[in-house]
>>> print(open('protein.pdb').read())   # PDB, C-alpha atoms
ATOM      1  CA  MET A 289      32.053 144.198 104.111
ATOM      2  CA  SER A 290      34.513 143.117 106.806
ATOM      3  CA  ILE A 291      34.976 139.345 107.213
ATOM      4  CA  LYS A 292      36.857 137.785 110.098
ATOM      5  CA  ARG A 293      40.275 136.414 109.144
ATOM      6  CA  GLN A 294      40.571 132.614 109.348
ATOM      7  CA  SER A 295      42.454 131.550 112.476
ATOM      8  CA  TRP A 296      45.753 129.686 112.019
ATOM      9  CA  ILE A 297      44.611 126.739 114.134
ATOM     10  CA  GLY A 298      41.445 126.062 112.118
ATOM     11  CA  THR A 299      40.260 122.483 112.659
ATOM     12  CA  ILE A 300      43.513 121.236 114.217
ATOM     13  CA  PRO A 301      41.664 120.377 117.493
ATOM     14  CA  LEU A 302      39.387 118.068 115.486
ATOM     15  CA  PHE A 303      42.447 116.402 113.927
ATOM     16  CA  ILE A 304      43.987 115.879 117.384
ATOM     17  CA  LEU A 305      40.686 114.491 118.709
ATOM     18  CA  ILE A 306      40.533 111.942 115.865
ATOM     19  CA  ILE A 307      44.158 110.894 116.436
ATOM     20  CA  ASP A 308      43.377 110.478 120.138
ATOM     21  CA  GLY A 309      40.413 108.265 119.218
ATOM     22  CA  PHE A 310      42.602 105.923 117.168
ATOM     23  CA  LEU A 311      45.236 105.925 119.917
ATOM     24  CA  ALA A 312      42.559 104.962 122.430
ATOM     25  CA  VAL A 313      41.661 101.892 120.342
ATOM     26  CA  PHE A 314      45.295 100.764 120.320
ATOM     27  CA  LEU A 315      45.761 101.412 124.044
ATOM     28  CA  GLY A 316      42.506  99.617 124.849
ATOM     29  CA  SER A 317      43.665  96.558 122.914
ATOM     30  CA  ALA A 318      47.059  96.684 124.621
ATOM     31  CA  TYR A 319      45.406  96.953 128.036
ATOM     32  CA  LEU A 320      43.375  93.847 127.200
ATOM     33  CA  GLY A 321      46.694  92.147 126.438
ATOM     34  CA  LEU A 322      48.020  93.147 129.864
ATOM     35  CA  ILE A 323      44.967  91.563 131.480
ATOM     36  CA  ILE A 324      45.387  88.369 129.466
ATOM     37  CA  PHE A 325      49.084  87.994 130.290
ATOM     38  CA  GLN A 326      49.083  89.463 133.802
ATOM     39  CA  GLU A 327      50.055  86.114 135.316
ATOM     40  CA  LEU A 328      53.396  86.111 133.505
ATOM     41  CA  GLU A 329      56.336  86.587 135.840
ATOM     42  CA  ASN A 330      58.478  88.263 133.180
ATOM     43  CA  ASP A 331      57.260  91.892 133.015
ATOM     44  CA  ILE A 332      59.173  92.703 129.839
ATOM     45  CA  LEU A 333      57.651  89.721 128.028
ATOM     46  CA  MET A 334      54.215  90.714 129.316
ATOM     47  CA  ILE A 335      54.627  94.261 127.930
ATOM     48  CA  ILE A 336      55.863  92.966 124.553
ATOM     49  CA  LEU A 337      52.926  90.564 124.253
ATOM     50  CA  ALA A 338      50.467  93.296 125.310
ATOM     51  CA  PHE A 339      51.969  95.603 122.681
ATOM     52  CA  LEU A 340      51.495  92.906 120.019
ATOM     53  CA  ILE A 341      47.898  92.367 121.140
ATOM     54  CA  GLY A 342      47.422  96.126 120.817
ATOM     55  CA  LEU A 343      48.713  96.057 117.238
ATOM     56  CA  VAL A 344      46.527  93.084 116.311
ATOM     57  CA  GLY A 345      43.435  94.647 117.868
ATOM     58  CA  PHE A 346      44.124  97.971 116.166
ATOM     59  CA  GLY A 347      44.669  96.238 112.810
ATOM     60  CA  LEU A 348      41.388  94.350 113.109
ATOM     61  CA  PHE A 349      39.616  97.581 114.058
ATOM     62  CA  LEU A 350      40.977  99.304 110.926
ATOM     63  CA  ASN A 351      39.576  96.509 108.780
ATOM     64  CA  ILE A 352      35.989  96.466 110.052
ATOM     65  CA  PRO A 353      33.885  96.290 106.835
ATOM     66  CA  ILE A 354      31.662  99.310 106.125
ATOM     67  CA  ALA A 355      28.902  99.146 103.491
ATOM     68  CA  ARG A 356      28.887 101.932 100.933
ATOM     69  CA  ARG A 357      25.975 104.319 100.524
ATOM     70  CA  SER A 358      23.523 104.103  97.622
ATOM     71  CA  ASN A 359      24.576 105.500  94.257
ATOM     72  CA  PRO A 360      24.764 109.290  94.762
ATOM     73  CA  GLU A 361      24.326 109.986  91.052
ATOM     74  CA  ALA A 362      21.080 108.056  90.629
ATOM     75  CA  HIS A 363      19.050 111.296  90.510
ATOM     76  CA  PHE A 364      21.189 112.842  87.737
ATOM     77  CA  ASN A 365      20.777 112.341  83.990
ATOM     78  CA  SER A 366      23.977 110.976  82.422
ATOM     79  CA  SER A 367      23.358 113.079  79.296
ATOM     80  CA  ASP A 368      23.912 116.196  81.429
ATOM     81  CA  GLU A 369      27.418 115.114  82.448
ATOM     82  CA  ILE A 370      30.148 117.644  81.590
ATOM     83  CA  ALA A 371      33.214 116.152  83.264
ATOM     84  CA  ARG A 372      34.206 113.348  85.608
ATOM     85  CA  GLY A 373      37.116 113.635  88.021
ATOM     86  CA  ALA A 374      38.650 111.617  90.845
ATOM     87  CA  TRP A 375      36.353 113.130  93.460
ATOM     88  CA  THR A 376      33.423 114.695  91.608
ATOM     89  CA  THR A 377      31.217 114.517  88.543
ATOM     90  CA  VAL A 378      30.140 117.829  87.005
ATOM     91  CA  TYR A 379      26.657 118.159  85.512
ATOM     92  CA  LYS A 380      24.830 120.866  83.593
ATOM     93  CA  HIS A 381      22.260 122.707  85.653
ATOM     94  CA  LYS A 382      18.826 121.888  84.253
ATOM     95  CA  THR A 383      17.318 125.360  84.565
ATOM     96  CA  GLU A 384      20.248 127.770  84.925
ATOM     97  CA  PRO A 385      22.908 127.547  82.171
ATOM     98  CA  ASN A 386      25.355 129.730  84.124
ATOM     99  CA  LYS A 387      25.568 127.111  86.873
ATOM    100  CA  VAL A 388      26.876 123.566  87.165
ATOM    101  CA  ILE A 389      26.167 120.894  89.757
ATOM    102  CA  LYS A 390      29.076 118.992  91.294
ATOM    103  CA  GLN A 391      28.499 115.593  92.886
ATOM    104  CA  ILE A 392      31.118 114.500  95.441
ATOM    105  CA  TYR A 393      31.613 110.729  95.674
ATOM    106  CA  PRO A 394      31.039 108.935  98.976
ATOM    107  CA  CYS A 395      33.316 105.976  99.733
ATOM    108  CA  GLY A 396      32.760 103.093  97.323
ATOM    109  CA  TRP A 397      31.891 105.318  94.376
ATOM    110  CA  GLY A 398      34.188 107.255  92.052
ATOM    111  CA  HIS A 399      37.595 107.532  93.745
ATOM    112  CA  ASN A 400      38.098 103.881  94.754
ATOM    113  CA  ASP A 401      41.743 102.991  94.128
ATOM    114  CA  TYR A 402      43.900 103.267  97.267
ATOM    115  CA  THR A 403      46.519 100.710  96.218
ATOM    116  CA  LYS A 404      49.337 103.257  96.491
ATOM    117  CA  HIS A 405      48.229 104.647  99.854
ATOM    118  CA  GLN A 406      50.000 103.664 103.065
ATOM    119  CA  ALA A 407      46.916 102.209 104.745
ATOM    120  CA  PHE A 408      46.858  98.890 106.608
ATOM    121  CA  VAL A 409      44.364  96.596 104.837
ATOM    122  CA  ILE A 410      44.197  92.854 105.530
ATOM    123  CA  GLY A 411      43.694  90.249 102.833
ATOM    124  CA  LYS A 412      42.460  92.327  99.891
ATOM    125  CA  LYS A 413      43.554  94.964  97.437
ATOM    126  CA  LYS A 414      43.012  98.528  98.560
ATOM    127  CA  ILE A 415      40.041  99.004  96.249
ATOM    128  CA  CYS A 416      36.787 100.384  97.609
ATOM    129  CA  GLY A 417      33.421  99.093  96.441
ATOM    130  CA  LYS A 418      30.301  97.563  97.948
ATOM    131  CA  TRP A 419      32.153  96.894 101.228
ATOM    132  CA  ASN A 420      35.092  98.958 102.467
ATOM    133  CA  PRO A 421      37.602  98.475 105.303
ATOM    134  CA  LEU A 422      37.139 101.122 107.954
ATOM    135  CA  VAL A 423      40.591 102.619 107.369
ATOM    136  CA  LEU A 424      39.809 103.397 103.701
ATOM    137  CA  TRP A 425      36.291 104.514 104.598
ATOM    138  CA  PHE A 426      37.806 106.887 107.150
ATOM    139  CA  LEU A 427      40.495 108.267 104.818
ATOM    140  CA  HIS A 428      37.928 108.873 102.089
ATOM    141  CA  ASN A 429      35.436 110.572 104.382
ATOM    142  CA  TYR A 430      38.109 112.623 106.112
ATOM    143  CA  MET A 431      39.089 114.078 102.738
ATOM    144  CA  VAL A 432      35.418 114.634 101.857
ATOM    145  CA  LEU A 433      35.003 116.451 105.176
ATOM    146  CA  TYR A 434      37.679 118.945 104.179
ATOM    147  CA  GLN A 435      36.058 119.421 100.786
ATOM    148  CA  LEU A 436      32.861 120.399 102.599
ATOM    149  CA  ILE A 437      34.745 122.657 105.018
ATOM    150  CA  GLY A 438      36.431 124.217 101.980
ATOM    151  CA  LEU A 439      33.043 124.837 100.354
ATOM    152  CA  LYS A 440      31.759 126.630 103.436
ATOM    153  CA  ARG A 441      34.876 128.794 103.393
ATOM    154  CA  ARG A 442      34.415 129.485  99.677
ATOM    155  CA  LYS A 443      30.943 130.865 100.376
ATOM    156  CA  ARG A 444      32.262 132.876 103.300
ATOM    157  CA  TYR A 445      35.228 134.425 101.495
ATOM    158  CA  GLU A 446      34.203 134.497  97.820
ATOM    159  CA  GLY A 447      33.415 138.215  98.080
ATOM    160  CA  CYS A 448      36.976 138.877  99.273
ATOM    161  CA  ILE A 449      38.798 136.606  96.797
ATOM    162  CA  GLU A 450      38.079 137.393  93.150
ATOM    163  CA  ALA A 451      39.418 134.111  91.755
ATOM    164  CA  LEU A 452      36.832 132.022  93.636
ATOM    165  CA  PRO A 453      33.780 131.325  91.456
ATOM    166  CA  LYS A 454      30.472 131.768  93.237
ATOM    167  CA  THR A 455      29.255 128.739  95.189
ATOM    168  CA  TYR A 456      25.513 128.314  95.647
ATOM    169  CA  ASP A 457      23.448 125.670  97.442
ATOM    170  CA  ILE A 458      25.527 123.043  99.274
ATOM    171  CA  HIS A 459      23.698 119.798 100.016
ATOM    172  CA  PHE A 460      25.881 118.348 102.771
ATOM    173  CA  LYS A 461      23.944 115.130 103.248
ATOM    174  CA  LYS A 462      23.738 114.236  99.543
ATOM    175  CA  LEU A 463      27.252 115.630  98.866
ATOM    176  CA  PHE A 464      26.528 117.892  95.921
ATOM    177  CA  TYR A 465      26.614 121.643  95.370
ATOM    178  CA  GLU A 466      26.023 124.271  92.712
ATOM    179  CA  GLN A 467      28.766 126.482  91.343
ATOM    180  CA  GLU A 468      29.153 129.269  88.821
ATOM    181  CA  TRP A 469      29.962 127.849  85.358
ATOM    182  CA  VAL A 470      33.329 129.148  84.124
ATOM    183  CA  HIS A 471      33.389 128.532  80.400
ATOM    184  CA  HIS A 472      37.018 128.294  79.311
ATOM    185  CA  PRO A 473      39.873 125.979  80.365
ATOM    186  CA  LEU A 474      43.237 127.621  80.886
ATOM    187  CA  ASN A 475      45.355 126.929  77.798
ATOM    188  CA  GLU A 476      47.550 128.736  75.287
ATOM    189  CA  GLN A 477      44.561 130.353  73.571
ATOM    190  CA  THR A 478      42.796 131.554  76.744
ATOM    191  CA  CYS A 479      45.808 132.444  78.881
ATOM    192  CA  PRO A 480      45.432 136.075  80.068
ATOM    193  CA  SER A 481      48.359 138.388  79.399
ATOM    194  CA  ASP A 482      48.368 139.368  83.079
ATOM    195  CA  ILE A 483      48.057 135.847  84.480
ATOM    196  CA  ILE A 484      51.132 136.211  86.714
ATOM    197  CA  GLU A 485      49.712 139.405  88.234
ATOM    198  CA  GLN A 486      46.338 137.704  88.729
ATOM    199  CA  PHE A 487      47.948 134.864  90.675
ATOM    200  CA  GLU A 488      49.921 137.368  92.756
ATOM    201  CA  THR A 489      46.673 139.193  93.563
ATOM    202  CA  LEU A 490      45.056 135.886  94.540
ATOM    203  CA  ASN A 491      47.984 135.164  96.856
ATOM    204  CA  LYS A 492      47.638 138.569  98.537
ATOM    205  CA  GLU A 493      43.891 138.115  99.008
ATOM    206  CA  LEU A 494      44.421 134.661 100.519
ATOM    207  CA  GLU A 495      46.996 136.112 102.914
ATOM    208  CA  LYS A 496      44.544 138.803 104.052
ATOM    209  CA  CYS A 497      41.948 136.109 104.743
ATOM    210  CA  GLY A 498      44.415 133.795 106.515
ATOM    211  CA  LEU A 499      43.904 131.038 103.936
ATOM    212  CA  TYR A 500      45.786 128.685 101.621
ATOM    213  CA  ILE A 501      44.242 127.098  98.517
ATOM    214  CA  ASP A 502      45.258 123.541  97.738
ATOM    215  CA  ASP A 503      45.520 121.258  94.692
ATOM    216  CA  VAL A 504      45.696 124.058  92.130
ATOM    217  CA  HIS A 505      46.708 121.973  89.115
ATOM    218  CA  LEU A 506      45.993 123.162  85.567
ATOM    219  CA  GLY A 507      42.605 121.436  85.347
ATOM    220  CA  ASN A 508      41.353 123.374  88.370
ATOM    221  CA  VAL A 509      42.036 126.762  86.785
ATOM    222  CA  ARG A 510      39.600 128.181  84.234
ATOM    223  CA  VAL A 511      39.127 131.583  82.594
ATOM    224  CA  ASP A 512      35.893 133.561  82.456
ATOM    225  CA  GLU A 513      34.547 135.736  79.642
ATOM    226  CA  ASN A 514      36.479 138.748  80.974
ATOM    227  CA  GLY A 515      39.852 136.996  81.003
ATOM    228  CA  ARG A 516      39.878 136.520  84.773
ATOM    229  CA  ILE A 517      41.163 133.274  86.275
ATOM    230  CA  LYS A 518      38.830 131.220  88.452
ATOM    231  CA  ILE A 519      39.936 128.357  90.722
ATOM    232  CA  ILE A 520      37.011 125.958  90.338
ATOM    233  CA  ASP A 521      38.245 123.302  92.778
ATOM    234  CA  GLY A 522      40.733 122.897  95.609
ATOM    235  CA  GLU A 523      40.208 123.144  99.358
ATOM    236  CA  LEU A 524      40.757 126.272 101.439
ATOM    237  CA  TYR A 525      42.949 125.609 104.476
ATOM    238  CA  SER A 526      44.073 127.609 107.475
ATOM    239  CA  GLY A 527      47.812 127.913 108.098
ATOM    240  CA  GLY A 528      47.838 125.099 110.637
ATOM    241  CA  GLU A 529      45.709 122.823 108.483
ATOM    242  CA  GLU A 530      47.968 123.391 105.474
ATOM    243  CA  TRP A 531      51.051 122.568 107.571
ATOM    244  CA  VAL A 532      49.511 119.257 108.674
ATOM    245  CA  LYS A 533      47.921 118.385 105.312
ATOM    246  CA  SER A 534      51.107 118.877 103.302
ATOM    247  CA  LYS A 535      52.873 116.293 105.480
ATOM    248  CA  VAL A 536      50.019 113.806 105.898
ATOM    249  CA  VAL A 537      49.313 113.611 102.140
ATOM    250  CA  VAL A 538      52.937 112.794 101.341
ATOM    251  CA  ILE A 539      53.168 110.229 104.187
ATOM    252  CA  PHE A 540      50.017 108.350 103.157
ATOM    253  CA  ASN A 541      50.212 108.922  99.395
ATOM    254  CA  GLY A 542      53.944 109.292  98.738
ATOM    255  CA  ALA A 543      53.871 106.851  95.829
ATOM    256  CA  MET A 544      51.722 109.312  93.881
ATOM    257  CA  VAL A 545      52.366 112.704  95.519
ATOM    258  CA  SER A 546      56.038 113.420  96.084
ATOM    259  CA  SER A 547      55.682 116.911  97.569
ATOM    260  CA  MET A 548      53.802 120.214  97.524
ATOM    261  CA  LYS A 549      54.708 123.076  95.191
ATOM    262  CA  LYS A 550      54.027 126.814  95.159
ATOM    263  CA  VAL A 551      52.151 127.812  91.999
ATOM    264  CA  LEU A 552      54.194 130.463  90.158
ATOM    265  CA  GLY A 553      56.130 130.979  93.392
ATOM    266  CA  ASN A 554      53.062 132.061  95.387
ATOM    267  CA  ASP A 555      53.328 130.587  98.863
ATOM    268  CA  ARG A 556      49.564 130.361  99.529
ATOM    269  CA  ILE A 557      48.629 128.719  96.227
ATOM    270  CA  ILE A 558      49.626 125.065  96.428
ATOM    271  CA  SER A 559      49.725 122.250  93.875
ATOM    272  CA  TRP A 560      50.519 118.585  94.440
ATOM    273  CA  VAL A 561      53.620 117.311  92.633
ATOM    274  CA  ASP A 562      52.126 114.294  90.854
ATOM    275  CA  HIS A 563      51.186 113.148  87.340
ATOM    276  CA  ARG A 564      48.888 116.119  86.655
ATOM    277  CA  LYS A 565      49.988 119.110  84.595
ATOM    278  CA  GLY A 566      50.566 122.358  86.450
ATOM    279  CA  VAL A 567      50.066 126.036  85.656
ATOM    280  CA  ASP A 568      53.852 126.497  85.686
ATOM    281  CA  ASP A 569      54.179 123.700  83.102
ATOM    282  CA  LEU A 570      51.746 125.403  80.720
ATOM    283  CA  LEU A 571      53.408 128.814  80.999
ATOM    284  CA  LYS A 572      56.809 127.276  80.315
ATOM    285  CA  GLU A 573      55.434 125.460  77.249
ATOM    286  CA  ILE A 574      54.090 128.695  75.759
ATOM    287  CA  SER A 575      57.293 130.566  76.732
ATOM    288  CA  PHE A 576      55.413 132.805  79.140
ATOM    289  CA  ILE A 577      57.999 132.097  81.816
ATOM    290  CA  LYS A 578      61.436 130.498  81.708
TER     291      LYS A 578
END
>>> encode(input="protein.pdb", output="structure tokens")
Amino acid sequence: MSIKRQSWIGTIPLFILIIDGFLAVFLGSAYLGLIIFQELENDILMIILAFLIGLVGFGLFLNIPIARRSNPEAHFNSSDEIARGAWTTVYKHKTEPNKVIKQIYPCGWGHNDYTKHQAFVIGKKKICGKWNPLVLWFLHNYMVLYQLIGLKRRKRYEGCIEALPKTYDIHFKKLFYEQEWVHHPLNEQTCPSDIIEQFETLNKELEKCGLYIDDVHLGNVRVDENGRIKIIDGELYSGGEEWVKSKVVVIFNGAMVSSMKKVLGNDRIISWVDHRKGVDDLLKEISFIK
């Protein structure tokens, strides 16, 4: 079955549109400043004051309080929980043991600590909860948006990329989806003898589809019953999206993510350089690679 290759530009127009929206808020505030100080005879002073009004207005806009949604996990049984991560909780599927259900957190639940992010928040710690400043609400939901885009791409390309486990029903409104259950974590005991070749094959398949896969740390790689690697999490990006994302993440989260790294030297398989253990780290520990 022939599937159209992902375009390089991807959702870059959406990114530009959002940036333009924020710019419009700043320029609108600055224009209000020009109106307020239009009687000043000193044009330079008037422009400086208008610029400051623009910054103040933009800062206040970024801190508009947004109420969080209701608890997204209220309809799940805690006894079915398998794992809990920064962005999702994984649950057993009640009727199909070869599936799991993954709940993505909306803002105010789960991933709440933004203290090390470069986001302008007035008068409180950058911790999300019952009420959230618009800037953190936006950052959270923007990242959730790309998780959902990545899920749609997983369904579209999973037949072309062996290492993608099958994704089933995606509930966009309630932010949960079903995925094939891959039984084994990648470790010394489960590491396939041809793991380097498997990652190289994954890289070639991604290149054919025009995609990059992101955030491939060790915890996001599992091994099925046939010794085949499966990437259970991580967004799928176009070339343009990956170029932007790799810079934006470091700018806004540089205290935690210092850079992006190619997994086993494969240019389309990307991991964040942070506190989490990588595939390269494991293979060096077990003397699989130098």
>>> residues_around(input="protein.pdb", residues="segment 385-402 of chain A", least_positions_apart="2", cutoff="6 Å", atoms="all atoms listed in the file", output="number ranges by chain")
A: 356, 374-381, 404-405, 414-417, 425, 428, 463-469
>>> atom_distance(input="protein.pdb", atom1="atom CA of Met431 of chain A", atom2="atom CA of Phe303 of chain A")
11.9 Å
>>> closest_residue(input="protein.pdb", among="A:Ile335, A:Pro353, A:Tyr434, A:Val551", to="Asn420 of chain A", atoms="only C-alpha atoms")
A:Pro353
>>> closest_residue(input="protein.pdb", among="A:Phe349, A:Tyr456, A:Phe408, A:Tyr445", to="Phe540 of chain A", atoms="all atoms listed in the file")
A:Phe408
>>> resolve_selection(input="protein.pdb", expression="the PyMOL selection byres ((chain A and resi 559) around 12)", output="PyMOL selection string")
chain A and resi 500-509+519+521-523+530+534+537+545-558+560-569
>>> atom_distance(input="protein.pdb", atom1="atom CA of Ser367 of chain A", atom2="atom CA of Glu513 of chain A")
25.3 Å
>>> closest_residue(input="protein.pdb", among="A:Asn365, A:Gln326, A:Thr299, A:Thr489", to="Arg516 of chain A", atoms="all atoms listed in the file")
A:Thr489
>>> residues_near_point(input="protein.pdb", point="(48.8, 91.6, 127.1)", cutoff="7 Å", atoms="all atoms listed in the file", output="PyMOL selection string")
chain A and resi 318-325+334-335+337-339+341
>>> write_last_selection(input="protein.pdb", atoms="C-alpha atoms", output="JSON list (two decimals), in the coordinates of the input")
[["chain", "number", "residue", "atom", "x", "y", "z"],
["A", 318, "ALA", "CA", 47.06, 96.68, 124.62],
["A", 319, "TYR", "CA", 45.41, 96.95, 128.04],
["A", 320, "LEU", "CA", 43.38, 93.85, 127.20],
["A", 321, "GLY", "CA", 46.69, 92.15, 126.44],
["A", 322, "LEU", "CA", 48.02, 93.15, 129.86],
["A", 323, "ILE", "CA", 44.97, 91.56, 131.48],
["A", 324, "ILE", "CA", 45.39, 88.37, 129.47],
["A", 325, "PHE", "CA", 49.08, 87.99, 130.29],
["A", 334, "MET", "CA", 54.22, 90.71, 129.32],
["A", 335, "ILE", "CA", 54.63, 94.26, 127.93],
["A", 337, "LEU", "CA", 52.93, 90.56, 124.25],
["A", 338, "ALA", "CA", 50.47, 93.30, 125.31],
["A", 339, "PHE", "CA", 51.97, 95.60, 122.68],
["A", 341, "ILE", "CA", 47.90, 92.37, 121.14]]
>>> atom_distance(input="protein.pdb", atom1="atom CA of Lys382 of chain A", atom2="atom CA of Leu474 of chain A")
25.3 Å
>>> axis_aligned_box(input="protein.pdb", around="segment 517-532 of chain A", padding_each_side="4 Å", output="lines of an AutoDock Vina configuration file")
center_x = 44.0
center_y = 126.3
center_z = 98.5
size_x = 22.0
size_y = 22.0
size_z = 32.4
>>> residues_around(input="protein.pdb", residues="Val313 of chain A", least_positions_apart="2", cutoff="12 Å", atoms="only C-alpha atoms", output="list in words")
Ile306, Ile307, Asp308, Gly309, Phe310, Leu311, Leu315, Gly316, Ser317, Ala318, Tyr319, Leu320, Ile341, Gly342, Leu343, Val344, Gly345, Phe346, Gly347, Leu348, Phe349 and Leu350 of chain A
>>> resolve_selection(input="protein.pdb", expression="the PyMOL selection byres ((chain A and resi 470) around 7)", output="list in words")
Glu468, Trp469, His471, His472, Arg510, Val511 and Asp512 of chain A
>>> closest_residue(input="protein.pdb", among="A:Ala362, A:Cys497, A:Ile484, A:Leu436", to="Ser295 of chain A", atoms="only C-alpha atoms")
A:Cys497
>>> closest_residue(input="protein.pdb", among="A:Phe576, A:Asn429, A:Asn351, A:Glu488", to="Gly411 of chain A", atoms="all atoms listed in the file")
A:Asn351
>>> resolve_selection(input="protein.pdb", expression="the PyMOL selection byres ((chain A and resi 477) around 12)", output="ChimeraX atom specification")
/A:472-476,478-481,510-511,515,570-571,574
>>> closest_residue(input="protein.pdb", among="A:Ile520, A:Ile354, A:Leu328, A:Leu452", to="Val423 of chain A", atoms="only C-alpha atoms")
A:Ile354
